[in-house]
Amino acid sequence: MSTPPVLHVALEVDGAGSHPAAWRVVTGSSADALAPARLRDRVAAAENAGVTFVTFDDSLVPSAAGPAGRLDAVTRAAFVAPLTSRLGLVPLVHPAVTEPFHVASQLAALDHASLGRGGWFVGGGDVPGARRTLDRPVAAGADLLDETADVVTVVRDLWDSWEDDAVVRDTATGRYVDRDRLHYVDFASGGDGLPAGPSSRGTADGVRAPFTVKGPSIVPRSPQGQLVVVGRAGTVPGALLDVALVPDVAGADRARADGTPLVLVDLAVTLDAAGRTGAERRAELDGLAGGASSWTGSATELVDVLLALRGVVDGVRLLPSVLDVDLPVLVRDVLPALRVARAVPTPRPGATLRDTLGLPRPTNRFAATAATV
Amino acid sequence: MPDTPDVPRPHAHVHLGVFFQGVNHTTVWSDPASGSQTDFETFRRVVQTAERGLFDAFFLGEGLRLREQNGRLHDLDVVGRPDAITQLAALAAVTTHIGLVATQNVTYNDPADLARRLASLDVLSGGRAAWNIVTTDNAWTGENFRRGGWLDHSQRYTRAAEFVRAAQAIWDGWDADDDAPRTVRATGDTLDLEVTPTVPRSAQGHPVLFQAGDSPDGRDFAAGHAEVIFSAHGTDFDDAAAFAADVRARTVAAGRPEDDLKILPGTQFVLAATDAEARDKARWVKEQQVTPATALSLLGQVWGEDLSHYDPDGPLPAHDPVIEVIGETRGSPRRGKRPHEIAQAWRARAEAEHLTIRQLVIAQERERGFVGSPETVADELVRWVRHGASDGFNITPWLVPSGLDDVVDLLVPALQERGAYRTSYTGTTLREHLGLRAPLTQRVEAVARA
């Protein structure tokens with residue numbers, strides 16, 4: 001008899017919640033909303049409940065409808081890294097917005113600080129206003145998928161640009177590092193506009209400017225070698241992802257066929273809480289800021305829905321409508337029931353996120369090349 | 001420290017910071033007590049030791065390309081370090097008071113992104129963040145970035161000033177009264193952008209600005225924009241006092257009170273039970289820093305060729321350097337200098353003093369920092385700050401992670417006995433530790449709190 005497959009539960013912990021009106025039903029100042037203690041408590045609750053990883057949504061350019069205040073996602077993930085020991089930390093970084101070289105360094109540093117629990121939620125979709133905000137061309141529209149493929153590729157190259165054993169500390173020869181185990185990545189992207197710079201000012205929105213990255217990274221290879229790369233199916237080529245997020249189970253087969261090892265389905269939830277049904281709560285939220293698709297029901301009903309997903313997808317990413325209301329129900333009633341049913345893995349302290357997800361630690365692409373030459 | 005009336009600042013305290021880690025040959029990685037330069041645990045240990053010693057600040061450096069020499073990656077020194085802001089955010093969670101300073105480049109960062117990341121660190125740390133502003137026009141570093149080597153040398157301080165003003169505008173763009181952002185526009189020769197901030201003010205308003213300029217332009221930039229200058233004048237009192245007087249005059253000329261800019265020279269401490277033991281230890285440290293391979297490498301930098309096959313215990317090369325100027329773009333501290341002149345001087349000294357290559361390189365190493373018993377060094381540090389040669393010191397430990405232990409365990413108590421060092425933190429923000437006023441713009445909340 002085979003063991004039933006486990007279901008990974010991930011959780012989005014950004015802001016007030018996933019419903020566009022969530023921030024309007026939470027009282028207090030922006031400083032209260034962004035307080036470090038609040039972030040710490042939420043992440044601790046997720047870890048204690050056995051969540052596999054949390055995602056931190058983000059955008060450099062605020063949306064007109066959303067809350068005004070938001071801290072940089074990598075910085076938030078790094079802050080909670082030493083305060084946790086089992087939970088994966090997966091901040092969103094948009095590949096067309098942040099410099100590729102900085103993306104690689106920041107996320108590698110997160111992986112070091114978390115002892116191998118870092119991931120990258122690859123941002124997708126156009127970022128209106130990014131060109132004016134950054135003062136350089138920012139790819140959009142039909143070009144964005146190619147741009148994303150290039151950036152994810154060069155970031156992965158940079159993560160491998162140090163072999164694991166590059167630091168040799170050989171006192172006999174005086175060498176701290178073996179330069180043969182460090183690699184230039186010499187990456188050149190596609191794109192057909194002018195390169196970013198003073199001459200590209202005045203370029204229209206959405207132009208894909210070509211770029212190059214020399215390498216090596218400034219950060220030694222991190223504990224996981226490659227961080228876990230998470231993205232919405234269709235926004236990143238499937239073969240470049242470790243975890244694809246799909247909007248419904250119908251998308252799972254397609255994502256697997258595209259070569260992504262693990263597929264998680266996104267599920268926004270508005271739960272029965274505080275004496276009100278999820279449906280009533282959602283109706284109230286929708287009345288404040290338009291409709292948003294969200295599953296509604298009781299904790300018990302959600303447990304049944306999740307148990308039925310076992311074997312269909314590798315996991316689910318829960319997006320609580322209002323974190324302050326839905327998260328307590330998830331950690332008190334939903335995750336414990338899944339644990340009793342042995343439906344979810346129990347992340348071990350000290351395990352890397354790859355370990356918890358059952359993903360192998362990747363071979364270094366440059367070391368592999370060197371061995372075959 | 002005699003309490004004489006001619007001491008201009010009789011009640012001044014010594015402020016300490018720690019600079020971790022240098023990618024240069026001053027960090028002795030070969031010592032058995034030397035720990036990992038990469039593991040988070042090492043950083044945690046150093047920052048927590050510094051906080052135990054009531055330091056003002058913990059610094060991280062930045063280098064956006066690995067150093068090279070003669071066309072190859074330099075392999076003899078500590079290399080590789082984390083992204084500064086990311087690492088400091090993690091360290092903010094395991095500390096409560098110490099300031100967290102990130103060195104960040106204005107040429108290869110985007111103002112909107114960097115201002116936001118620094119402000120995020122400032123909020124998460126409860127008002128303990130600072131930005132050490134670095135300028136460059138180095139196209140070789142630019143090979144790692146979208147814009148490439150786009151900035152002309154003559155524009156580097158223009159860029160720095162425009163970038164800093166843009167960052168301040170972004171920080172001030174969050175209206176404290178309305179608790180809401182307004183879109184700000186920043187324009188100049190090197191930028192033109194429009195940003196809607198997403199981060200409210202921190203407990204200290206916004207991050208403290210550090211800068212390490214030393215050229216006349218660099219000093220003027222610091223006098224005009226920075227709140228702390230992190231100088232290289234941390235060894236000789238007269239040199240430091242002259243630097244301090246010059247910087248204060250420039251600060252006043254920039255329309256600011258002279259104590260608006262704090263002076264924290266980078267330096268090194270070698271401590272032992274007695275002054276004589278400390279001098280022996282300092283000699284030993286230097287020998288560890290200049291290994292045989294490092295001696296040949298430093299020689300090769302001047303000669304412009306690989307001299308690693310030479311005998312470090314033999315004579316200097318008889319031939320002249322093969323280059324006219326030392327590598328402009330490879331991260332060398334001697335870049336731009338004239339190798340023929342250096343070689344001539346080195347050969348003359350080696351001949352006169354009968355020195356081998358390694359002995360000569362060790363002899364050429366600058367005497368750096370303070371050497372002595374904790375009492376001797378404490379007296380000297382107190383003399384510096386009470387005569388205005390600096391406001392404190394930014395220490396580069398030569399050994400990581402334990403290199404700060406004797407400073408905290410021996411030197412700090414000696415300073416406290418002299419009434420020249422805090423006995424507990426009296427504030428929670430970096431601005432409060434340094435005795436800096438709140439930032440000048442939109443200070444309503446900060447003033448009301450104070």
# chains A, B, ... in the order shown; residues from 1 in each chain; ligands from 1
call {"tool": "interface_residues", "arguments": {"of": "chain B", "to": "chain A", "cutoff": "7 Å", "atoms": "only C-alpha atoms", "output": "PyMOL selection string"}}
result
chain B and resi 30+39-40+64-66+73+75-78+80-83+86-87+89-90+92-93+110+112-113+116-117+120-121+124+143-147+150+179-181+191-196+198-200+291+293
call {"tool": "write_last_selection", "arguments": {"atoms": "N, CA and C atoms", "output": "short mmCIF file (atom, residue, chain, number, x, y, z; two decimals), in the first residue's frame"}}
result
data_model
loop_
_atom_site.label_atom_id
_atom_site.label_comp_id
_atom_site.auth_asym_id
_atom_site.auth_seq_id
_atom_site.Cartn_x
_atom_site.Cartn_y
_atom_site.Cartn_z
N SER B 30 44.00 33.06 7.92
CA SER B 30 44.78 31.84 8.11
C SER B 30 44.91 31.45 9.58
N ASP B 39 29.27 32.42 6.86
CA ASP B 39 28.15 31.94 7.67
C ASP B 39 27.48 33.08 8.43
N PHE B 40 26.17 33.01 8.49
CA PHE B 40 25.41 34.03 9.22
C PHE B 40 25.85 34.10 10.68
N LEU B 64 30.83 45.50 -5.82
CA LEU B 64 29.87 44.90 -6.76
C LEU B 64 30.56 44.13 -7.87
N ARG B 65 31.87 43.94 -7.72
CA ARG B 65 32.55 43.01 -8.62
C ARG B 65 33.74 42.45 -7.86
N LEU B 66 34.02 41.17 -8.07
CA LEU B 66 35.16 40.56 -7.37
C LEU B 66 36.46 41.16 -7.91
N LEU B 73 41.04 36.75 -11.33
CA LEU B 73 40.41 36.98 -10.03
C LEU B 73 41.46 36.87 -8.94
N ASP B 75 42.96 35.91 -5.56
CA ASP B 75 42.58 34.72 -4.79
C ASP B 75 43.21 34.65 -3.38
N LEU B 76 43.94 35.69 -2.97
CA LEU B 76 44.67 35.57 -1.70
C LEU B 76 43.93 36.15 -0.50
N ASP B 77 42.98 37.04 -0.75
CA ASP B 77 42.30 37.71 0.36
C ASP B 77 40.89 37.16 0.54
N VAL B 78 40.32 37.50 1.70
CA VAL B 78 38.91 37.18 1.92
C VAL B 78 38.09 37.78 0.78
N GLY B 80 33.97 37.58 -1.16
CA GLY B 80 32.59 37.09 -1.05
C GLY B 80 31.94 37.63 0.20
N ARG B 81 30.79 38.26 0.03
CA ARG B 81 30.06 38.78 1.19
C ARG B 81 28.60 38.92 0.81
N PRO B 82 27.74 39.02 1.84
CA PRO B 82 26.31 39.08 1.55
C PRO B 82 25.90 40.45 1.06
N ASP B 83 24.74 40.53 0.43
CA ASP B 83 24.12 41.82 0.15
C ASP B 83 23.90 42.53 1.49
N THR B 86 20.13 43.19 2.99
CA THR B 86 19.49 41.91 3.33
C THR B 86 20.09 41.36 4.63
N GLN B 87 21.41 41.37 4.71
CA GLN B 87 22.08 40.83 5.89
C GLN B 87 21.75 41.67 7.13
N ALA B 89 19.08 43.37 7.67
CA ALA B 89 17.69 43.12 8.08
C ALA B 89 17.63 41.88 8.96
N ALA B 90 18.39 40.87 8.59
CA ALA B 90 18.42 39.65 9.41
C ALA B 90 19.06 39.95 10.77
N ALA B 92 19.07 42.79 12.28
CA ALA B 92 18.17 43.66 13.05
C ALA B 92 17.29 42.83 13.96
N ALA B 93 16.96 41.61 13.52
CA ALA B 93 16.06 40.77 14.31
C ALA B 93 16.74 40.17 15.54
N ASP B 110 19.19 51.95 -8.31
CA ASP B 110 18.10 52.82 -8.72
C ASP B 110 17.62 53.56 -7.47
N ALA B 112 14.82 54.88 -6.48
CA ALA B 112 13.53 54.48 -5.90
C ALA B 112 13.67 53.17 -5.14
N ASP B 113 14.42 52.25 -5.71
CA ASP B 113 14.60 50.93 -5.11
C ASP B 113 15.47 51.02 -3.86
N ARG B 116 13.86 52.82 -0.91
CA ARG B 116 12.82 52.00 -0.30
C ARG B 116 13.41 50.88 0.54
N ARG B 117 14.47 50.26 0.06
CA ARG B 117 15.08 49.16 0.82
C ARG B 117 15.70 49.70 2.12
N SER B 120 12.93 50.51 4.47
CA SER B 120 12.35 49.27 5.01
C SER B 120 13.21 48.75 6.17
N LEU B 121 14.52 48.77 5.97
CA LEU B 121 15.43 48.36 7.05
C LEU B 121 15.27 49.28 8.26
N LEU B 124 12.00 48.33 10.07
CA LEU B 124 12.08 47.02 10.73
C LEU B 124 13.03 47.03 11.92
N GLU B 143 29.95 46.39 -15.69
CA GLU B 143 29.69 45.21 -16.52
C GLU B 143 28.72 44.24 -15.86
N ASN B 144 28.42 44.44 -14.58
CA ASN B 144 27.43 43.59 -13.92
C ASN B 144 26.02 44.19 -13.93
N PHE B 145 25.84 45.35 -14.56
CA PHE B 145 24.57 46.07 -14.39
C PHE B 145 23.96 46.52 -15.71
N ARG B 146 22.65 46.72 -15.65
CA ARG B 146 21.90 47.08 -16.85
C ARG B 146 22.46 48.31 -17.54
N ARG B 147 22.87 49.31 -16.75
CA ARG B 147 23.33 50.54 -17.38
C ARG B 147 24.78 50.47 -17.86
N TRP B 150 28.08 53.74 -17.36
CA TRP B 150 27.39 54.88 -17.99
C TRP B 150 27.84 56.24 -17.48
N ASP B 179 -0.56 60.59 7.07
CA ASP B 179 -0.18 59.18 7.02
C ASP B 179 -0.43 58.63 5.61
N ALA B 180 0.06 59.36 4.63
CA ALA B 180 -0.15 58.96 3.23
C ALA B 180 0.99 59.52 2.38
N PRO B 181 1.26 58.85 1.27
CA PRO B 181 2.35 59.33 0.41
C PRO B 181 1.87 60.37 -0.60
N LEU B 191 19.55 62.09 -13.48
CA LEU B 191 18.31 61.35 -13.22
C LEU B 191 17.09 62.21 -13.48
N ASP B 192 15.99 61.53 -13.70
CA ASP B 192 14.71 62.19 -13.91
C ASP B 192 13.65 61.15 -13.58
N LEU B 193 13.08 61.24 -12.40
CA LEU B 193 12.17 60.18 -11.99
C LEU B 193 11.01 60.71 -11.17
N GLU B 194 10.00 59.85 -11.06
CA GLU B 194 8.77 60.19 -10.38
C GLU B 194 8.39 58.99 -9.53
N VAL B 195 8.35 59.18 -8.22
CA VAL B 195 8.23 58.04 -7.31
C VAL B 195 7.11 58.29 -6.31
N THR B 196 6.29 57.27 -6.10
CA THR B 196 5.32 57.32 -5.00
C THR B 196 5.85 56.44 -3.87
N THR B 198 6.38 54.19 -0.49
CA THR B 198 5.52 53.19 0.15
C THR B 198 5.90 52.96 1.61
N VAL B 199 6.91 53.69 2.10
CA VAL B 199 7.38 53.42 3.46
C VAL B 199 7.23 54.67 4.34
N PRO B 200 6.48 54.55 5.44
CA PRO B 200 6.34 55.68 6.36
C PRO B 200 7.65 55.98 7.08
N THR B 291 51.28 37.54 4.02
CA THR B 291 51.82 36.19 3.82
C THR B 291 52.83 36.25 2.67
N ALA B 293 52.69 34.78 -0.13
CA ALA B 293 51.95 34.95 -1.39
C ALA B 293 51.42 36.37 -1.54
#
call {"tool": "residues_around", "arguments": {"residues": "His8 of chain A", "least_positions_apart": "5", "cutoff": "12 Å", "atoms": "only C-alpha atoms", "output": "VMD selection string"}}
result
chain A and resid 50 to 54 87 to 88 243 262 to 266 306 to 307 309 to 318 335 338 to 339 342 to 347 353 356 to 358
call {"tool": "select_by_dssp", "arguments": {"residues": "segment 37-88 of chain B", "states": "helix (DSSP H, G or I)", "output": "ChimeraX atom specification"}}
result
/B:40-52,84-88
call {"tool": "write_last_selection", "arguments": {"atoms": "C-alpha atoms", "output": "CSV table (one decimal), in the first residue's frame"}}
result
chain,number,residue,atom,x,y,z
B,40,PHE,CA,25.4,34.0,9.2
B,41,GLU,CA,26.6,32.9,12.6
B,42,THR,CA,29.8,34.8,12.2
B,43,PHE,CA,28.0,38.0,11.5
B,44,ARG,CA,25.6,37.4,14.4
B,45,ARG,CA,28.5,36.9,16.8
B,46,VAL,CA,30.3,40.1,15.7
B,47,VAL,CA,27.2,42.3,15.9
B,48,GLN,CA,26.1,40.9,19.2
B,49,THR,CA,29.6,41.4,20.6
B,50,ALA,CA,29.5,45.0,19.4
B,51,GLU,CA,26.1,45.5,21.0
B,52,ARG,CA,27.3,44.1,24.3
B,84,ALA,CA,24.4,44.4,2.9
B,85,ILE,CA,20.8,45.5,3.4
B,86,THR,CA,19.5,41.9,3.3
B,87,GLN,CA,22.1,40.8,5.9
B,88,LEU,CA,21.4,43.8,8.1
call {"tool": "atom_distance", "arguments": {"atom1": "atom CA of Pro374 of chain B", "atom2": "atom CA of Leu411 of chain B"}}
result
4.9 Å
call {"tool": "residues_around", "arguments": {"residues": "segment 415-431 of chain B", "least_positions_apart": "3", "cutoff": "6 Å", "atoms": "only C-alpha atoms", "output": "MDAnalysis selection string"}}
result
chainID B and resid 13:14 97 99 127:128 378 412 434 436
call {"tool": "closest_residue", "arguments": {"among": "B:Thr356, B:Gly403, B:Gln168, B:Tyr310", "to": "Ser34 of chain B", "atoms": "only C-alpha atoms"}}
result
B:Gly403
call {"tool": "closest_residue", "arguments": {"among": "A:Leu144, A:Ala188, A:Val229, A:Leu7", "to": "Val93 of chain A", "atoms": "only C-alpha atoms"}}
result
A:Val229
call {"tool": "select_by_dssp", "arguments": {"residues": "segment 236-271 of chain A", "states": "strand (DSSP E)", "output": "list in words"}}
result
Val243, Ala244, Leu245, Val246, Leu262, Val263, Leu264, Val265, Asp266, Leu267, Ala268, Val269, Thr270 and Leu271 of chain A
call {"tool": "closest_residue", "arguments": {"among": "B:Leu404, B:Ala363, B:Ala242, B:Ala345", "to": "Gly388 of chain B", "atoms": "only C-alpha atoms"}}
result
B:Ala242
call {"tool": "atom_distance", "arguments": {"atom1": "atom CA of His94 of chain A", "atom2": "atom CA of Thr55 of chain A"}}
result
13.5 Å
call {"tool": "atom_distance", "arguments": {"atom1": "atom CA of Pro237 of chain A", "atom2": "atom CA of Asp150 of chain A"}}
result
10.1 Å
call {"tool": "residues_around", "arguments": {"residues": "segment 289-295 of chain A", "least_positions_apart": "2", "cutoff": "6 Å", "atoms": "only C-alpha atoms", "output": "NGL selection string"}}
result
:A and (21 or 268-269 or 286-287)
call {"tool": "write_last_selection", "arguments": {"atoms": "C-alpha atoms", "output": "PDB file, in the first residue's frame"}}
result
ATOM      1  CA  ALA A  21     -10.528  45.758   0.541  1.00  0.00           C
ATOM      2  CA  ALA A 268      -8.059  32.707  -1.694  1.00  0.00           C
ATOM      3  CA  VAL A 269     -10.157  31.961   1.366  1.00  0.00           C
ATOM      4  CA  ASP A 286     -16.804  43.107  -1.994  1.00  0.00           C
ATOM      5  CA  GLY A 287     -19.052  46.016  -1.126  1.00  0.00           C
TER       6      GLY A 287
END
call {"tool": "closest_residue", "arguments": {"among": "A:Gly190, A:Ala16, A:Val151, A:Arg276", "to": "Val207 of chain A", "atoms": "only C-alpha atoms"}}
result
A:Gly190
call {"tool": "decode", "arguments": {"residues": "segment 91-180 of chain B", "atoms": "C-alpha atoms", "output": "PDB file, in the first residue's frame"}}
result
ATOM      1  CA  LEU B  91      20.805  41.088  12.016  1.00  0.00           C
ATOM      2  CA  ALA B  92      18.173  43.661  13.049  1.00  0.00           C
ATOM      3  CA  ALA B  93      16.061  40.766  14.305  1.00  0.00           C
ATOM      4  CA  VAL B  94      18.782  39.523  16.674  1.00  0.00           C
ATOM      5  CA  THR B  95      19.806  42.935  18.072  1.00  0.00           C
ATOM      6  CA  THR B  96      17.913  45.704  19.850  1.00  0.00           C
ATOM      7  CA  HIS B  97      19.973  48.898  19.861  1.00  0.00           C
ATOM      8  CA  ILE B  98      23.010  48.913  17.614  1.00  0.00           C
ATOM      9  CA  GLY B  99      22.953  50.945  14.397  1.00  0.00           C
ATOM     10  CA  LEU B 100      23.118  49.049  11.098  1.00  0.00           C
ATOM     11  CA  VAL B 101      25.060  50.706   8.293  1.00  0.00           C
ATOM     12  CA  ALA B 102      24.836  49.522   4.684  1.00  0.00           C
ATOM     13  CA  THR B 103      27.399  50.662   2.154  1.00  0.00           C
ATOM     14  CA  GLN B 104      25.561  51.218  -1.138  1.00  0.00           C
ATOM     15  CA  ASN B 105      26.648  52.543  -4.479  1.00  0.00           C
ATOM     16  CA  VAL B 106      24.846  55.422  -6.208  1.00  0.00           C
ATOM     17  CA  THR B 107      25.939  54.533  -9.729  1.00  0.00           C
ATOM     18  CA  TYR B 108      24.619  50.989  -9.902  1.00  0.00           C
ATOM     19  CA  ASN B 109      21.476  51.350  -7.810  1.00  0.00           C
ATOM     20  CA  ASP B 110      18.103  52.824  -8.716  1.00  0.00           C
ATOM     21  CA  PRO B 111      17.133  55.661  -6.318  1.00  0.00           C
ATOM     22  CA  ALA B 112      13.534  54.482  -5.903  1.00  0.00           C
ATOM     23  CA  ASP B 113      14.601  50.927  -5.109  1.00  0.00           C
ATOM     24  CA  LEU B 114      17.514  51.769  -2.818  1.00  0.00           C
ATOM     25  CA  ALA B 115      15.632  54.477  -0.897  1.00  0.00           C
ATOM     26  CA  ARG B 116      12.822  52.000  -0.301  1.00  0.00           C
ATOM     27  CA  ARG B 117      15.077  49.165   0.823  1.00  0.00           C
ATOM     28  CA  LEU B 118      16.944  51.436   3.246  1.00  0.00           C
ATOM     29  CA  ALA B 119      13.664  52.833   4.603  1.00  0.00           C
ATOM     30  CA  SER B 120      12.352  49.273   5.013  1.00  0.00           C
ATOM     31  CA  LEU B 121      15.432  48.356   7.050  1.00  0.00           C
ATOM     32  CA  ASP B 122      14.968  51.536   9.080  1.00  0.00           C
ATOM     33  CA  VAL B 123      11.348  50.684   9.946  1.00  0.00           C
ATOM     34  CA  LEU B 124      12.079  47.022  10.729  1.00  0.00           C
ATOM     35  CA  SER B 125      15.031  47.916  12.962  1.00  0.00           C
ATOM     36  CA  GLY B 126      13.106  50.578  14.873  1.00  0.00           C
ATOM     37  CA  GLY B 127      15.158  53.473  13.497  1.00  0.00           C
ATOM     38  CA  ARG B 128      18.663  51.989  13.440  1.00  0.00           C
ATOM     39  CA  ALA B 129      19.530  52.079   9.733  1.00  0.00           C
ATOM     40  CA  ALA B 130      22.203  54.098   7.975  1.00  0.00           C
ATOM     41  CA  TRP B 131      23.486  54.390   4.440  1.00  0.00           C
ATOM     42  CA  ASN B 132      27.194  54.710   3.699  1.00  0.00           C
ATOM     43  CA  ILE B 133      27.098  56.487   0.337  1.00  0.00           C
ATOM     44  CA  VAL B 134      29.696  55.356  -2.209  1.00  0.00           C
ATOM     45  CA  THR B 135      30.355  56.889  -5.580  1.00  0.00           C
ATOM     46  CA  THR B 136      32.049  55.310  -8.561  1.00  0.00           C
ATOM     47  CA  ASP B 137      32.416  55.756 -12.275  1.00  0.00           C
ATOM     48  CA  ASN B 138      33.979  52.356 -12.619  1.00  0.00           C
ATOM     49  CA  ALA B 139      32.890  50.839 -15.946  1.00  0.00           C
ATOM     50  CA  TRP B 140      34.482  47.547 -14.982  1.00  0.00           C
ATOM     51  CA  THR B 141      31.952  47.247 -12.123  1.00  0.00           C
ATOM     52  CA  GLY B 142      29.274  48.423 -14.543  1.00  0.00           C
ATOM     53  CA  GLU B 143      29.695  45.209 -16.518  1.00  0.00           C
ATOM     54  CA  ASN B 144      27.426  43.587 -13.919  1.00  0.00           C
ATOM     55  CA  PHE B 145      24.565  46.066 -14.394  1.00  0.00           C
ATOM     56  CA  ARG B 146      21.898  47.076 -16.851  1.00  0.00           C
ATOM     57  CA  ARG B 147      23.329  50.541 -17.383  1.00  0.00           C
ATOM     58  CA  GLY B 148      26.917  49.369 -17.851  1.00  0.00           C
ATOM     59  CA  GLY B 149      29.674  51.944 -17.286  1.00  0.00           C
ATOM     60  CA  TRP B 150      27.395  54.879 -17.992  1.00  0.00           C
ATOM     61  CA  LEU B 151      28.710  57.575 -15.671  1.00  0.00           C
ATOM     62  CA  ASP B 152      31.485  59.968 -16.603  1.00  0.00           C
ATOM     63  CA  HIS B 153      34.192  60.467 -13.946  1.00  0.00           C
ATOM     64  CA  SER B 154      33.472  64.200 -13.773  1.00  0.00           C
ATOM     65  CA  GLN B 155      29.834  63.479 -12.897  1.00  0.00           C
ATOM     66  CA  ARG B 156      30.264  61.117  -9.992  1.00  0.00           C
ATOM     67  CA  TYR B 157      29.624  63.647  -7.233  1.00  0.00           C
ATOM     68  CA  THR B 158      26.847  65.227  -9.284  1.00  0.00           C
ATOM     69  CA  ARG B 159      25.225  61.823  -9.444  1.00  0.00           C
ATOM     70  CA  ALA B 160      25.800  61.258  -5.727  1.00  0.00           C
ATOM     71  CA  ALA B 161      24.224  64.581  -4.762  1.00  0.00           C
ATOM     72  CA  GLU B 162      21.256  64.096  -7.090  1.00  0.00           C
ATOM     73  CA  PHE B 163      20.753  60.539  -5.870  1.00  0.00           C
ATOM     74  CA  VAL B 164      20.870  61.564  -2.199  1.00  0.00           C
ATOM     75  CA  ARG B 165      18.429  64.423  -2.792  1.00  0.00           C
ATOM     76  CA  ALA B 166      16.111  62.025  -4.619  1.00  0.00           C
ATOM     77  CA  ALA B 167      16.296  59.511  -1.758  1.00  0.00           C
ATOM     78  CA  GLN B 168      15.552  62.244   0.799  1.00  0.00           C
ATOM     79  CA  ALA B 169      12.628  63.462  -1.279  1.00  0.00           C
ATOM     80  CA  ILE B 170      11.268  59.911  -1.407  1.00  0.00           C
ATOM     81  CA  TRP B 171      11.647  59.531   2.364  1.00  0.00           C
ATOM     82  CA  ASP B 172      10.047  62.912   2.986  1.00  0.00           C
ATOM     83  CA  GLY B 173       7.325  62.120   0.468  1.00  0.00           C
ATOM     84  CA  TRP B 174       5.432  60.193   3.099  1.00  0.00           C
ATOM     85  CA  ASP B 175       3.296  62.817   4.794  1.00  0.00           C
ATOM     86  CA  ALA B 176       3.316  62.132   8.517  1.00  0.00           C
ATOM     87  CA  ASP B 177       0.176  64.194   9.205  1.00  0.00           C
ATOM     88  CA  ASP B 178      -1.964  62.531   6.575  1.00  0.00           C
ATOM     89  CA  ASP B 179      -0.182  59.178   7.016  1.00  0.00           C
ATOM     90  CA  ALA B 180      -0.152  58.963   3.232  1.00  0.00           C
TER      91      ALA B 180
END
